[in-house]
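Here is structure-v5.txt, consisting of compact mmCIF, C-alpha atoms:
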```txt
# COMPACT_ATOMS: atom_id res chain seq x y z
CA MET Y 1 343.46 53.48 128.30
CA GLN Y 2 341.83 56.86 127.75
CA ASN Y 3 345.23 58.37 126.91
CA GLU Y 4 346.33 55.78 124.41
CA TYR Y 5 346.92 56.82 120.83
CA ILE Y 6 343.45 56.21 119.44
CA GLU Y 7 344.72 56.75 115.87
CA ARG Y 8 347.00 53.74 116.25
CA GLY Y 9 344.34 51.65 117.93
CA ILE Y 10 344.08 49.96 121.31
CA ASN Y 11 346.10 46.76 121.12
CA VAL Y 12 344.41 44.12 123.27
CA GLN Y 13 347.65 42.16 123.70
CA THR Y 14 349.38 45.10 125.33
CA GLN Y 15 346.39 45.26 127.66
CA GLY Y 16 347.02 41.65 128.69
CA VAL Y 17 344.53 39.65 126.61
CA LYS Y 18 345.87 36.15 125.93
CA GLY Y 19 342.91 34.39 124.33
CA ASN Y 20 343.50 31.41 126.62
CA GLY Y 21 339.86 30.44 127.13
CA THR Y 22 339.54 31.60 130.74
CA LEU Y 23 336.78 33.66 132.30
CA GLU Y 24 339.30 36.26 133.43
CA ASP Y 25 340.59 36.68 129.89
CA LEU Y 26 337.06 37.13 128.48
CA GLN Y 27 336.28 39.71 131.16
CA LEU Y 28 339.48 41.60 130.38
CA MET Y 29 338.66 41.60 126.65
CA ASN Y 30 335.16 42.87 127.30
CA ASN Y 31 336.40 45.57 129.66
CA ILE Y 32 338.68 46.83 126.90
CA ILE Y 33 335.76 46.99 124.48
CA THR Y 34 333.36 48.72 126.84
CA GLN Y 35 335.93 51.20 128.20
CA ALA Y 36 337.40 52.16 124.83
CA PRO Y 37 336.59 55.75 123.81
CA PRO Y 38 333.96 56.31 121.10
CA LYS Y 39 335.14 55.81 117.51
CA SER Y 40 338.31 54.04 118.62
CA ASP Y 41 339.92 51.08 116.86
CA ILE Y 42 340.34 47.97 118.98
CA VAL Y 43 343.18 45.98 117.49
CA ILE Y 44 343.75 42.23 117.85
CA PRO Y 45 347.13 41.00 116.55
CA ASN Y 46 347.38 37.82 114.51
CA GLY Y 47 346.99 34.56 116.42
CA ASN Y 48 344.39 32.21 117.91
CA TYR Y 49 342.15 33.51 120.67
CA SER Y 50 339.78 31.25 122.57
CA PHE Y 51 336.81 32.80 124.34
CA ILE Y 52 334.24 31.02 126.52
CA GLY Y 53 331.53 33.57 125.82
CA GLY Y 54 330.53 36.33 123.46
CA LEU Y 55 332.32 39.65 123.26
CA ALA Y 56 330.81 42.86 124.61
CA PRO Y 57 328.78 44.84 122.05
CA LEU Y 58 330.63 47.25 119.79
CA THR Y 59 328.92 50.61 120.22
CA ASP Y 60 329.66 54.33 119.74
CA GLY Y 61 331.44 53.93 116.41
CA LYS Y 62 334.07 51.49 117.70
CA ASN Y 63 335.80 49.20 115.20
CA LEU Y 64 337.27 45.76 115.79
CA ILE Y 65 340.34 45.27 113.59
CA GLY Y 66 342.51 42.20 113.13
CA LEU Y 67 346.18 42.48 112.24
CA GLY Y 68 346.73 39.68 109.75
CA LYS Y 69 343.65 37.50 110.19
CA PRO Y 70 343.38 36.33 113.80
CA VAL Y 71 341.06 33.46 114.72
CA LEU Y 72 338.48 34.20 117.40
CA ASP Y 73 337.46 30.76 118.62
CA PHE Y 74 334.10 30.44 120.38
CA SER Y 75 333.92 26.66 120.13
CA LYS Y 76 334.06 26.37 123.93
CA ALA Y 77 331.35 28.96 124.49
CA PRO Y 78 327.92 27.73 125.63
CA ASN Y 79 324.85 27.43 123.44
CA GLY Y 80 323.08 30.73 122.97
CA THR Y 81 326.31 32.68 122.47
CA THR Y 82 326.52 35.63 120.08
CA ALA Y 83 330.19 35.95 119.19
CA ILE Y 84 330.27 39.58 118.02
CA ARG Y 85 327.48 42.09 118.37
CA ILE Y 86 327.50 45.51 116.70
CA ASN Y 87 325.02 48.14 117.83
CA GLY Y 88 325.72 51.57 116.43
CA LYS Y 89 326.53 53.61 113.38
CA ALA Y 90 329.47 54.04 111.01
CA GLN Y 91 331.62 51.24 112.38
CA GLY Y 92 332.58 47.66 111.58
CA ILE Y 93 334.85 44.65 111.93
CA TYR Y 94 337.81 43.78 109.74
CA ASN Y 95 340.11 40.79 109.13
CA PHE Y 96 338.92 37.94 111.36
CA VAL Y 97 337.98 34.28 111.41
CA LEU Y 98 335.05 33.57 113.73
CA LYS Y 99 334.65 29.94 114.78
CA GLY Y 100 331.53 28.73 116.59
CA ASN Y 101 330.56 25.68 118.61
CA GLY Y 102 328.28 24.05 116.02
CA TYR Y 103 325.43 24.85 113.67
CA GLN Y 104 322.79 22.36 114.83
CA ASP Y 105 320.43 23.55 117.58
CA THR Y 106 323.06 25.69 119.30
CA ASN Y 107 321.18 29.01 119.07
CA THR Y 108 324.49 30.72 118.31
CA ILE Y 109 325.20 33.73 116.10
CA GLY Y 110 328.52 34.64 114.56
CA LEU Y 111 327.85 38.30 113.81
CA ASP Y 112 324.75 40.17 115.00
CA ILE Y 113 324.22 43.67 113.60
CA THR Y 114 321.91 46.46 114.69
CA GLY Y 115 322.44 49.93 113.29
CA ASP Y 116 323.37 51.60 110.04
CA SER Y 117 326.38 52.29 107.84
CA ILE Y 118 328.19 49.23 109.18
CA ARG Y 119 330.94 47.47 107.26
CA THR Y 120 332.26 43.91 107.52
CA GLU Y 121 335.42 43.21 105.56
CA ASN Y 122 337.67 40.17 105.09
CA VAL Y 123 335.84 38.05 107.67
CA GLU Y 124 335.19 34.30 107.70
CA ILE Y 125 332.34 32.98 109.86
CA TYR Y 126 331.60 29.31 110.38
CA ASN Y 127 330.12 26.71 112.71
CA PHE Y 128 327.30 28.89 114.08
CA GLN Y 129 323.56 28.33 113.82
CA LEU Y 130 323.21 31.77 112.23
CA GLY Y 131 326.26 33.20 110.52
CA ILE Y 132 325.06 36.80 110.13
CA ASP Y 133 321.85 38.18 111.64
CA PHE Y 134 320.63 41.69 110.93
CA ALA Y 135 316.85 41.24 111.31
CA HIS Y 136 316.48 44.12 113.76
CA ASP Y 137 314.85 47.53 114.03
CA ASN Y 138 316.70 50.52 112.59
CA THR Y 139 319.20 48.39 110.69
CA TYR Y 140 320.16 49.36 107.14
CA ILE Y 141 323.02 50.33 104.80
CA LEU Y 142 325.20 47.33 105.58
CA GLU Y 143 328.19 46.40 103.45
CA PHE Y 144 329.93 43.01 103.40
CA ASP Y 145 333.18 42.81 101.43
CA ARG Y 146 335.16 39.56 101.04
CA VAL Y 147 333.07 37.76 103.63
CA ARG Y 148 332.85 33.95 103.75
CA VAL Y 149 330.08 32.22 105.72
CA HIS Y 150 329.78 28.43 105.86
CA ASP Y 151 328.79 25.44 107.96
CA THR Y 152 325.72 27.14 109.42
CA THR Y 153 321.99 26.55 109.52
CA VAL Y 154 321.52 29.95 107.84
CA CYS Y 155 324.47 31.92 106.46
CA VAL Y 156 322.53 35.20 106.33
CA TYR Y 157 319.34 35.62 108.37
CA ALA Y 158 317.15 38.57 107.43
CA ASP Y 159 313.58 37.63 108.30
CA LEU Y 160 312.42 41.12 109.24
CA PHE Y 161 308.78 40.07 108.99
CA SER Y 162 308.89 37.41 111.70
CA ARG Y 163 310.45 39.88 114.15
CA ASN Y 164 308.31 42.82 113.02
CA ALA Y 165 311.52 44.80 112.47
CA GLN Y 166 310.82 48.45 111.67
CA ASN Y 167 312.89 50.95 109.69
CA ALA Y 168 315.12 48.14 108.49
CA GLY Y 169 316.48 46.39 105.42
CA GLU Y 170 317.57 49.20 103.12
CA ARG Y 171 320.65 48.66 100.96
CA ILE Y 172 322.28 45.42 102.12
CA VAL Y 173 325.25 44.77 99.84
CA PHE Y 174 327.61 41.80 99.50
CA HIS Y 175 330.77 42.18 97.38
CA ASP Y 176 333.15 39.36 96.43
CA SER Y 177 331.70 37.17 99.16
CA GLY Y 178 330.77 33.50 99.50
CA LEU Y 179 327.94 31.62 101.21
CA PHE Y 180 328.30 27.85 101.16
CA ASN Y 181 328.12 24.46 102.89
CA SER Y 182 325.02 25.22 104.94
CA VAL Y 183 321.34 24.39 105.23
CA TRP Y 184 320.30 27.75 103.71
CA ALA Y 185 322.44 30.51 102.27
CA VAL Y 186 319.88 33.31 102.76
CA TYR Y 187 316.60 33.30 104.68
CA ALA Y 188 314.97 36.67 104.16
CA ASN Y 189 311.58 38.35 104.29
CA GLY Y 190 310.64 42.01 104.57
CA ASN Y 191 308.81 44.44 102.33
CA THR Y 192 311.45 47.13 102.94
CA LEU Y 193 314.34 44.76 102.33
CA ASP Y 194 316.67 45.17 99.36
CA MET Y 195 319.74 42.96 99.07
CA TYR Y 196 322.46 43.00 96.40
CA PHE Y 197 325.06 40.32 95.66
CA ASP Y 198 327.88 41.43 93.36
CA ASN Y 199 330.60 39.02 92.14
CA CYS Y 200 329.77 36.47 94.82
CA PHE Y 201 329.65 32.68 94.93
CA ILE Y 202 326.94 30.58 96.55
CA ASP Y 203 327.66 26.86 96.67
CA TYR Y 204 326.45 23.54 98.08
CA CYS Y 205 323.61 24.12 100.52
CA ASN Y 206 320.49 22.05 101.21
CA GLU Y 207 318.61 24.92 99.54
CA PHE Y 208 320.07 28.29 98.67
CA PHE Y 209 317.32 30.81 99.27
CA ILE Y 210 314.02 31.28 101.05
CA PHE Y 211 312.75 34.66 99.86
CA GLY Y 212 309.59 36.32 101.09
CA GLU Y 213 308.80 39.98 100.57
CA GLY Y 214 311.70 42.13 99.41
CA THR Y 215 314.02 42.76 96.49
CA TYR Y 216 317.05 40.58 95.77
CA TYR Y 217 319.50 41.23 92.93
CA PHE Y 218 322.49 39.14 91.88
CA ASN Y 219 325.16 40.27 89.44
CA GLY Y 220 328.13 38.25 88.23
CA THR Y 221 327.44 35.57 90.80
CA HIS Y 222 328.28 31.86 90.54
CA LEU Y 223 325.69 29.47 92.00
CA GLU Y 224 326.50 25.75 92.18
CA ASN Y 225 324.84 22.77 93.82
CA SER Y 226 324.45 19.02 93.47
CA LEU Y 227 321.57 16.75 94.38
CA THR Y 228 323.16 13.30 94.48
CA ASN Y 229 326.96 13.63 94.29
CA PRO Y 230 328.23 11.18 96.96
CA ARG Y 231 331.53 13.06 97.22
CA ARG Y 232 329.77 16.13 98.56
CA VAL Y 233 329.10 16.29 102.30
CA TRP Y 234 326.96 19.38 101.75
CA LYS Y 235 324.53 19.17 98.85
CA ALA Y 236 320.95 19.88 97.90
CA ASN Y 237 318.16 17.94 99.55
CA VAL Y 238 315.53 19.40 97.20
CA ASP Y 239 315.35 19.53 93.39
CA ARG Y 240 315.72 23.33 93.18
CA PHE Y 241 317.82 26.32 94.19
CA MET Y 242 315.23 28.48 95.92
CA THR Y 243 311.70 29.02 97.16
CA VAL Y 244 310.00 32.35 96.46
CA ASN Y 245 307.07 33.45 98.59
CA GLY Y 246 305.06 36.62 99.03
CA GLY Y 247 305.93 39.50 96.74
CA ALA Y 248 309.65 38.82 96.35
CA VAL Y 249 311.34 40.40 93.33
CA VAL Y 250 314.45 38.42 92.38
CA GLY Y 251 316.77 39.31 89.52
CA PHE Y 252 319.87 37.60 88.15
CA THR Y 253 322.24 39.34 85.71
CA ASN Y 254 325.41 37.81 84.23
CA CYS Y 255 325.11 34.81 86.54
CA LEU Y 256 326.17 31.19 86.09
CA PHE Y 257 324.09 28.34 87.51
CA ASN Y 258 325.58 24.86 87.83
CA LEU Y 259 322.70 22.53 88.72
CA PHE Y 260 324.27 19.08 88.93
CA GLN Y 261 321.44 16.51 88.92
CA ILE Y 262 318.97 19.37 89.49
CA HIS Y 263 316.13 20.25 87.11
CA ARG Y 264 315.04 23.75 88.11
CA ILE Y 265 316.07 26.94 89.86
CA VAL Y 266 312.75 27.95 91.48
CA ASN Y 267 310.49 25.72 93.54
CA GLU Y 268 307.72 24.52 91.22
CA ASN Y 269 305.19 25.27 93.97
CA SER Y 270 306.22 28.92 94.31
CA THR Y 271 303.32 30.98 92.99
CA LEU Y 272 303.94 34.53 94.20
CA GLY Y 273 306.79 36.89 93.42
CA THR Y 274 308.77 37.34 90.22
CA VAL Y 275 312.13 36.00 89.07
CA THR Y 276 313.97 37.42 86.06
CA TYR Y 277 317.20 36.54 84.28
CA ASN Y 278 319.45 38.63 82.07
CA ASN Y 279 322.43 37.17 80.21
CA CYS Y 280 322.60 34.09 82.44
CA ARG Y 281 323.72 30.54 81.68
CA ALA Y 282 322.76 27.29 83.39
CA TYR Y 283 324.06 23.73 83.25
CA PHE Y 284 321.25 21.45 84.46
CA LEU Y 285 319.63 18.03 84.32
CA ALA Y 286 316.77 18.03 81.81
CA SER Y 287 313.76 15.80 82.39
CA ASP Y 288 314.81 13.70 79.40
CA GLY Y 289 317.72 12.46 81.54
CA THR Y 290 320.54 14.45 79.91
CA HIS Y 291 322.54 17.37 81.24
CA LYS Y 292 322.19 20.45 79.05
CA ASN Y 293 323.26 24.06 78.84
CA ALA Y 294 320.61 26.76 78.70
CA LEU Y 295 320.76 30.51 78.23
CA SER Y 296 318.29 33.00 79.63
CA GLU Y 297 318.05 34.49 76.11
CA GLN Y 298 318.43 31.54 73.81
CA ARG Y 299 318.21 31.13 70.03
CA VAL Y 300 316.44 27.85 69.26
CA TYR Y 301 316.55 26.45 65.74
CA VAL Y 302 313.44 25.01 64.13
CA ASP Y 303 313.95 22.44 61.37
CA ILE Y 304 312.07 22.41 58.08
CA ARG Y 305 308.58 20.88 58.19
CA SER Y 306 308.57 20.93 61.99
CA THR Y 307 305.20 20.97 63.71
CA SER Y 308 306.48 21.52 67.24
CA ASN Y 309 309.60 22.30 69.25
CA GLU Y 310 310.60 21.52 72.85
CA VAL Y 311 312.93 23.65 74.93
CA TYR Y 312 314.17 22.36 78.28
CA SER Y 313 315.20 25.08 80.70
CA PRO Y 314 315.76 25.39 84.47
CA PHE Y 315 314.61 29.01 84.23
CA ILE Y 316 310.99 27.92 83.80
CA SER Y 317 308.74 28.58 86.80
CA LYS Y 318 305.43 30.11 87.78
CA ASN Y 319 307.38 33.21 88.77
CA ASN Y 320 308.45 34.36 85.32
CA HIS Y 321 306.81 34.77 81.94
CA PRO Y 322 309.03 33.54 79.10
CA SER Y 323 308.64 35.00 75.63
CA VAL Y 324 308.93 32.94 72.46
CA VAL Y 325 309.64 35.25 69.51
CA PRO Y 326 309.74 33.91 65.92
CA ALA Y 327 312.74 35.02 63.89
CA ALA Y 328 310.47 36.70 61.36
CA SER Y 329 309.49 39.22 64.02
CA PHE Y 330 312.93 40.85 63.82
CA ASP Y 331 314.37 39.43 60.56
CA LYS Y 332 312.04 39.70 57.58
CA ARG Y 333 314.15 37.22 55.62
CA GLN Y 334 313.01 34.45 57.96
CA VAL Y 335 309.91 32.39 57.40
CA ASP Y 336 307.00 33.30 59.62
CA PHE Y 337 305.15 30.75 61.70
CA ASN Y 338 302.27 30.97 64.08
CA GLY Y 339 303.39 29.19 67.23
CA LYS Y 340 301.37 28.37 70.28
CA VAL Y 341 303.39 28.07 73.48
CA SER Y 342 302.56 25.86 76.45
CA VAL Y 343 304.55 25.43 79.66
CA ASP Y 344 305.26 22.05 81.24
CA LEU Y 345 306.26 23.03 84.79
CA LEU Y 346 306.71 19.48 86.01
CA ASN Y 347 309.31 18.73 83.33
CA SER Y 348 310.72 22.29 83.10
CA LYS Y 349 310.14 22.69 79.38
CA LEU Y 350 308.40 24.90 76.85
CA ILE Y 351 306.47 23.31 74.00
CA THR Y 352 305.81 25.39 70.89
CA THR Y 353 303.41 23.96 68.32
CA PHE Y 354 302.88 25.34 64.83
CA ASP Y 355 299.56 25.59 62.98
CA THR Y 356 301.27 24.43 59.78
CA PRO Y 357 304.65 22.76 59.25
CA THR Y 358 307.47 25.24 58.72
CA THR Y 359 308.44 25.62 55.09
CA GLU Y 360 312.13 26.14 55.79
CA ARG Y 361 314.63 26.04 58.59
CA THR Y 362 314.28 29.02 60.90
CA PHE Y 363 314.70 29.88 64.55
CA MET Y 364 313.00 31.52 67.49
CA LYS Y 365 314.25 33.39 70.52
CA VAL Y 366 313.25 32.22 73.98
CA ILE Y 367 313.64 34.95 76.60
CA PHE Y 368 313.13 34.45 80.34
```
The structure in this file should be written as structure tokens.
Amino acid sequence: MQNEYIERGINVQTQGVKGNGTLEDLQLMNNIITQAPPKSDIVIPNGNYSFIGGLAPLTDGKNLIGLGKPVLDFSKAPNGTTAIRINGKAQGIYNFVLKGNGYQDTNTIGLDITGDSIRTENVEIYNFQLGIDFAHDNTYILEFDRVRVHDTTVCVYADLFSRNAQNAGERIVFHDSGLFNSVWAVYANGNTLDMYFDNCFIDYCNEFFIFGEGTYYFNGTHLENSLTNPRRVWKANVDRFMTVNGGAVVGFTNCLFNLFQIHRIVNENSTLGTVTYNNCRAYFLASDGTHKNALSEQRVYVDIRSTSNEVYSPFISKNNHPSVVPAASFDKRQVDFNGKVSVDLLNSKLITTFDTPTTERTFMKVIF
């Protein structure tokens, strides 16, 4: 093996791996991984490979590469199995489907990462208790491109705090990826943690996010869930998208929220942390019983002789501070009014009352 053409990769099939679910086959596969030279590419041709245990850790800059998109099936592996473990620097896995043995109380992990500058590309992970776990010491600068994680207890586990992970959490980036059909999409906590989701989709989980300390930014991401749709096997079991604890800083830019039968985005009992929205739109169930559209920067018209105005919005929470700006503040042609704003958290609405009835039709901007 040492003399193989490393540039072309070490093909596990030519080394005799069959993926037939036997102990001998797993041992052969793991021998190939451990004996491969540093920085080599271990290549698995397209097909279905059954393994009765986890693969040996990828270390020393080794990459695991699928030709086509082979299925690595760990459904016959015992509870407690970690399918693929990476421990190193400047390496990754590419083009695979990872199938586990179940997401409920199996203590299984699809992809476990320790190290830095590690890339995961074109990988689907499902049917594990934890899809991706990187809550470890010295783990940072991780990139996930075109990754799909579903049918898990937690798609992405990053609770650095509970494990006291040190020197960890910097620059975790997801591109064009999806987290869906799970109990939680992301469970994360760590004051050094910063995660970025760019052009992703996050759909149909019991609850999307549990955020503690850390920074979490979403751009161009689609988030969709339903509370009562009987046609959905996976759906929300709480009237919200996420819970924010500690000092989490969460930002959404150019995002779309579809909240079918759901009133709010943030847990009404979340008191710490901040959540901001920029150029976002939401379709949601207002507390008056109707589904509405809301913008994170919304122009709201005020009729003549009005004494108050109500704005329903799922963006309302204890974690942001909406601004209500009369039109006269930026357009002197508009009639001025002195509004007093109150927040009804239970019903997710803003109520603006005017000292005197408006003398003509005008508008105000509501900014979250």
Exercise for review: Counting only C-alpha atoms, write as a VMD selection string all protein and nucleic acid residues lying at most 7 Å from (336.5, 44.7, 122.0) in the file's frame.
Suggested key: chain Y and resid 29 to 30 32 to 33 42 55 to 56 58 64
Inset, instruction - Between Y:Gly102, Y:Pro57, Y:Gly251, Y:Gly131, single out the one closest to Phe218 in chain Y, counting only C-alpha atoms. - result: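 Result for the nearest residue to Phe218 in chain Y: Y:Gly251.
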What's around Ala77 in chain Y at 8 Å? Count all atoms listed in the file, leave out sequence neighbours fewer than 6 positions away in its own chain, and write the answer as a list of chain:residue names.
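My list of contacting residues is Y:Phe51, Y:Ile52, Y:Gly53, Y:Gly54, Y:Gly100, Y:Asn101.
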Q.
as a PyMOL selection string, please: the residues near range 253-256 of chain Y (cut-off 6 Å, all atoms listed in the file, same-chain neighbours under 3 positions excluded).
A. chain Y and resi 219-222+277-282
Students should find that CA of Ile113 in chain Y and CA of Asn87 in chain Y are spaced 6.2 Å
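Take CA of Ser323 in chain Y and CA of Gly212 in chain Y: the distance between them is 25.5 Å.
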- Item | Atomic distance CA of Val43 in chain Y - CA of Gln91 in chain Y, expressed in Å with one decimal |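 Computing the Euclidean distance for CA of Val43 in chain Y and CA of Gln91 in chain Y yields 13.7 Å.
If all atoms listed in the file are the atoms counted, then among Y:Asp336, Y:Gly178, Y:Ser348, Y:Gly214 the closest residue to Ile262 in chain Y is Y:Ser348.
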(request) Mind checking which residues fall within 6 Å of Arg361 in chain Y, counting all atoms listed in the file, ignoring those fewer than 3 positions away in the same chain, and posting them as an MDAnalysis selection string? (result) chainID Y and resid 302:304
Restricted to C-alpha atoms, what would the selected residues look like written as a short mmCIF file (atom, residue, chain, number, x, y, z; two decimals), keeping the file's coordinate frame?
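Result file follows (part_18.cif):
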```cif
data_model
loop_
_atom_site.label_atom_id
_atom_site.label_comp_id
_atom_site.auth_asym_id
_atom_site.auth_seq_id
_atom_site.Cartn_x
_atom_site.Cartn_y
_atom_site.Cartn_z
CA VAL Y 302 313.44 25.01 64.13
CA ASP Y 303 313.95 22.44 61.37
CA ILE Y 304 312.07 22.41 58.08
#
```
Against range 134-142 of chain Y, which residues of range 164-223 of chain Y fall within 9 Å? For each one I want the closest pair of atoms and the distance in Å (one decimal), counting only C-alpha atoms, rows by chain and increasing residue number, as a tab-separated table.
```
residue	atom	partner	partner_atom	distance
Y:Asn164	CA	Y:Asp137	CA	8.1
Y:Ala165	CA	Y:Asp137	CA	4.6
Y:Gln166	CA	Y:Asp137	CA	4.8
Y:Asn167	CA	Y:Asn138	CA	4.8
Y:Ala168	CA	Y:Thr139	CA	4.6
Y:Gly169	CA	Y:Tyr140	CA	5.0
Y:Glu170	CA	Y:Tyr140	CA	4.8
Y:Arg171	CA	Y:Ile141	CA	4.8
Y:Ile172	CA	Y:Leu142	CA	4.9
Y:Val173	CA	Y:Leu142	CA	6.3
Y:Phe174	CA	Y:Leu142	CA	8.6
Y:Ala188	CA	Y:Ala135	CA	8.7
Y:Leu193	CA	Y:Tyr140	CA	8.8
```
Find the residues near range 231-242 of chain Y: any atom within 9 Å, counting all atoms listed in the file, skip ones fewer than 2 places away on the same chain, and give them as number ranges by chain.
Y: 151, 180-183, 203-211, 223-229, 244, 259, 261-268, 314
Could you work out an axis-aligned bounding box for all listed atoms of range 149-155 of chain Y, with 8 Å added on each of the six sides, and give its centre and edge lengths in Å to one decimal, as JSON?
```
{"center_x": 325.8, "center_y": 28.8, "center_z": 107.6, "size_x": 24.6, "size_y": 22.8, "size_z": 19.8}
```
Anything within 10 Å of (335.8, 49.4, 114.6): list those residues as a PyMOL selection string, counting only C-alpha atoms and sticking to the file's coordinates.
chain Y and resi 9+38-43+58-66+86+90-94+118-120
#### Entry: For range 15-23 of chain Y: contacts at 9 Å, all atoms listed in the file, fewer than 4 positions along chain excluded, given as a list of chain:residue names
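My list of contacting residues is Y:Met1, Y:Ile10, Y:Asn11, Y:Gln27, Y:Leu28, Y:Met29, Y:Ile32, Y:Gly47, Y:Asn48, Y:Tyr49, Y:Ser50, Y:Phe51, Y:Ile52, Y:Gly53, Y:Leu72, Y:Asp73, Y:Phe74, Y:Lys76.
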>> Please determine, counting only C-alpha atoms, which residue among Y:Asp116, Y:Asp105, Y:Asp288, Y:Asp194 has the shortest atom-to-atom distance to Lys89 in chain Y.
In response: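 Distance minimum relative to Lys89 in chain Y lands on Y:Asp116.
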Pull out range 133-145 of chain Y, keep N, CA, C and O atoms, and write it as a compact mmCIF listing (two decimals), in the first residue's frame.
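The resulting decode-v8.txt:
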```
# COMPACT_ATOMS: atom_id res chain seq x y z
N ASP Y 133 -21.20 16.04 15.30
CA ASP Y 133 -20.78 16.43 16.65
C ASP Y 133 -19.36 17.00 16.55
O ASP Y 133 -18.44 16.30 16.14
N PHE Y 134 -19.23 18.29 16.90
CA PHE Y 134 -17.88 18.87 16.93
C PHE Y 134 -17.62 19.60 18.25
O PHE Y 134 -16.78 20.52 18.31
N ALA Y 135 -18.28 19.20 19.32
CA ALA Y 135 -18.11 19.84 20.63
C ALA Y 135 -16.89 19.27 21.34
O ALA Y 135 -17.00 18.54 22.33
N HIS Y 136 -15.71 19.60 20.81
CA HIS Y 136 -14.47 19.05 21.33
C HIS Y 136 -13.40 20.14 21.45
O HIS Y 136 -13.48 21.18 20.78
N ASP Y 137 -12.39 19.87 22.25
CA ASP Y 137 -11.25 20.78 22.35
C ASP Y 137 -10.58 20.96 21.00
O ASP Y 137 -10.56 20.04 20.15
N ASN Y 138 -10.01 22.15 20.81
CA ASN Y 138 -9.16 22.42 19.64
C ASN Y 138 -9.86 22.10 18.32
O ASN Y 138 -9.26 21.50 17.42
N THR Y 139 -11.11 22.49 18.24
CA THR Y 139 -11.90 22.21 17.03
C THR Y 139 -12.49 23.51 16.51
O THR Y 139 -13.30 24.15 17.19
N TYR Y 140 -12.11 23.90 15.29
CA TYR Y 140 -12.53 25.17 14.74
C TYR Y 140 -12.24 25.20 13.23
O TYR Y 140 -11.58 24.31 12.70
N ILE Y 141 -12.76 26.22 12.57
CA ILE Y 141 -12.65 26.39 11.12
C ILE Y 141 -13.12 25.12 10.41
O ILE Y 141 -12.36 24.37 9.79
N LEU Y 142 -14.42 24.89 10.52
CA LEU Y 142 -15.06 23.74 9.89
C LEU Y 142 -15.99 24.24 8.80
O LEU Y 142 -16.74 25.20 9.01
N GLU Y 143 -15.97 23.58 7.67
CA GLU Y 143 -16.81 23.99 6.55
C GLU Y 143 -17.66 22.81 6.09
O GLU Y 143 -17.14 21.72 5.84
N PHE Y 144 -18.97 23.06 5.95
CA PHE Y 144 -19.92 22.05 5.50
C PHE Y 144 -20.61 22.58 4.24
O PHE Y 144 -21.30 23.60 4.29
N ASP Y 145 -20.42 21.90 3.13
CA ASP Y 145 -20.95 22.35 1.85
C ASP Y 145 -21.84 21.25 1.26
O ASP Y 145 -21.40 20.11 1.11
```
